[in-house]
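Below is one structure, written out as structure tokens; the observations come after it.
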Amino acid sequence: MKLDSRDIRLIMALINGGRRTNREIADRIGLSESACHTRLQSLERTGYIHGYKAVIAFERIGFFHAWADVTLTNDSSSAIAEFAQIACAAPEVIEAHLMDGPCHFRLEAVAENLEAWQAFAKRLLARADLVSRVERRAIFRACNAQSF
């Protein structure tokens, strides 16, 4: 499926307000409700939209929210695939990104507290055959247009 300008506008409308109703999105991008709904279903079915999620204010709950920059022991495709599987299976991991630059992966993760985060990091480092370094970057507050 090749995306057209209306598909792109639909995706942008979701990025900027995923809880809008179908009617609100349709009005925003200039489509009928049924055409908007059909396009949305098509984008979901073809894998352009993987799912929907809530954006949580972890700092308000008191959870420890951080990025973990993970450097692997080598660049082999098997090591990358194995670590990706481990990271995506970890309950603390919200998202895992294969990166270009000084680290191989950047994980967005959350834990109930700092001690739980440290246990998570130790589990990653326990894979000494795969992981050579984990650097934590605490997230104090996520900022977006709706948070201020």
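Lettering and numbering for the structure tokens are positional, with chains as A, B, ... in the shown order, residues counted from 1 in each chain, and ligands counted from 1 in the shown order.
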
Go through chain A and collect every residue that DSSP, computed from the backbone, puts in strand (DSSP E); the answer should be as a VMD selection string. chain A and resid 64 to 72 93 to 98 105 to 111 131 to 138

d(atom CA of Ser34 of chain A, atom CA of Asp4 of chain A) in Å: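 Between these atoms lies a distance of 17.3 Å.
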
d(atom CA of Ala26 of chain A, atom CA of Gly51 of chain A) in Å: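 So the two atoms, atom CA of Ala26 of chain A and atom CA of Gly51 of chain A, lie 19.1 Å apart.
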
Would you kindly return, as JSON, numbers by chain, each protein, DNA or RNA residue with an atom no farther than 7 Å from any atom of segment 72-76 of chain A, considering only C-alpha atoms and excluding same-chain residues fewer than 4 positions away? {"A": [80, 104, 129, 130, 131, 132, 133]}

Give the alpha helix (DSSP H) residues of chain A, as DSSP finds them on the backbone, and put them as a PyMOL selection string. chain A and resi 5-15+22-29+33-45+58-61+77-89+114-125

Pull C-alpha atoms from the residues just selected and write them as a compact mmCIF listing (two decimals), in the first residue's frame.
# COMPACT_ATOMS: atom_id res chain seq x y z
CA SER A 5 -1.43 12.80 1.33
CA ARG A 6 -4.70 11.94 3.10
CA ASP A 7 -3.09 8.90 4.75
CA ILE A 8 -0.23 11.10 5.93
CA ARG A 9 -2.69 13.70 7.29
CA LEU A 10 -4.61 10.92 9.06
CA ILE A 11 -1.41 9.60 10.67
CA MET A 12 -0.42 13.13 11.74
CA ALA A 13 -3.87 13.69 13.24
CA LEU A 14 -3.44 10.51 15.30
CA ILE A 15 0.06 11.51 16.42
CA ASN A 22 -13.42 9.38 13.98
CA ARG A 23 -15.68 12.37 13.23
CA GLU A 24 -13.13 14.85 14.62
CA ILE A 25 -10.30 13.28 12.63
CA ALA A 26 -12.42 13.15 9.46
CA ASP A 27 -13.31 16.84 9.83
CA ARG A 28 -9.69 17.73 10.51
CA ILE A 29 -8.37 16.02 7.36
CA GLU A 33 -16.46 9.67 8.47
CA SER A 34 -16.80 6.42 6.50
CA ALA A 35 -13.80 7.22 4.26
CA CYS A 36 -11.73 8.13 7.32
CA HIS A 37 -12.72 4.91 9.09
CA THR A 38 -11.91 2.81 6.00
CA ARG A 39 -8.48 4.43 5.65
CA LEU A 40 -7.76 3.96 9.35
CA GLN A 41 -8.64 0.26 9.15
CA SER A 42 -6.44 -0.10 6.07
CA LEU A 43 -3.49 1.57 7.81
CA GLU A 44 -3.93 -0.79 10.78
CA ARG A 45 -4.33 -3.90 8.61
CA PHE A 58 5.23 8.45 35.28
CA GLU A 59 6.63 11.24 37.44
CA ARG A 60 3.16 11.79 38.94
CA ILE A 61 2.87 8.11 39.85
CA SER A 77 23.13 -9.63 13.23
CA SER A 78 22.59 -12.63 15.52
CA ALA A 79 23.62 -10.63 18.62
CA ILE A 80 21.35 -7.75 17.59
CA ALA A 81 18.41 -10.09 16.96
CA GLU A 82 18.96 -11.96 20.25
CA PHE A 83 19.17 -8.77 22.30
CA ALA A 84 16.11 -7.30 20.57
CA GLN A 85 14.15 -10.39 21.57
CA ILE A 86 15.35 -10.12 25.19
CA ALA A 87 14.60 -6.38 25.39
CA CYS A 88 11.13 -6.65 23.86
CA ALA A 89 10.23 -9.44 26.29
CA LEU A 114 15.06 3.00 41.49
CA GLU A 115 15.76 -0.37 43.11
CA ALA A 116 13.53 -2.14 40.60
CA TRP A 117 15.27 -0.23 37.79
CA GLN A 118 18.67 -1.35 39.09
CA ALA A 119 17.49 -4.98 39.16
CA PHE A 120 16.36 -4.60 35.54
CA ALA A 121 19.75 -3.14 34.52
CA LYS A 122 21.56 -5.98 36.31
CA ARG A 123 19.49 -8.52 34.37
CA LEU A 124 20.63 -6.87 31.15
CA LEU A 125 24.27 -6.81 32.27

Å distance separating atom CA of Ala138 of chain A from atom CA of Ala109 of chain A, one decimal place: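 Rounded to one decimal, the two atoms are 9.8 Å apart.
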
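Remark: for Arg137 of chain A, the closest of the candidate residues A:Leu3, A:Pro91, A:Val70, A:Leu98 is A:Val70 (distances computed over only C-alpha atoms).
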
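Of the listed residues (A:Lys2, A:Thr46, A:Val110, A:Met99), A:Val110 comes nearest to Phe64 of chain A; the distances count only C-alpha atoms.
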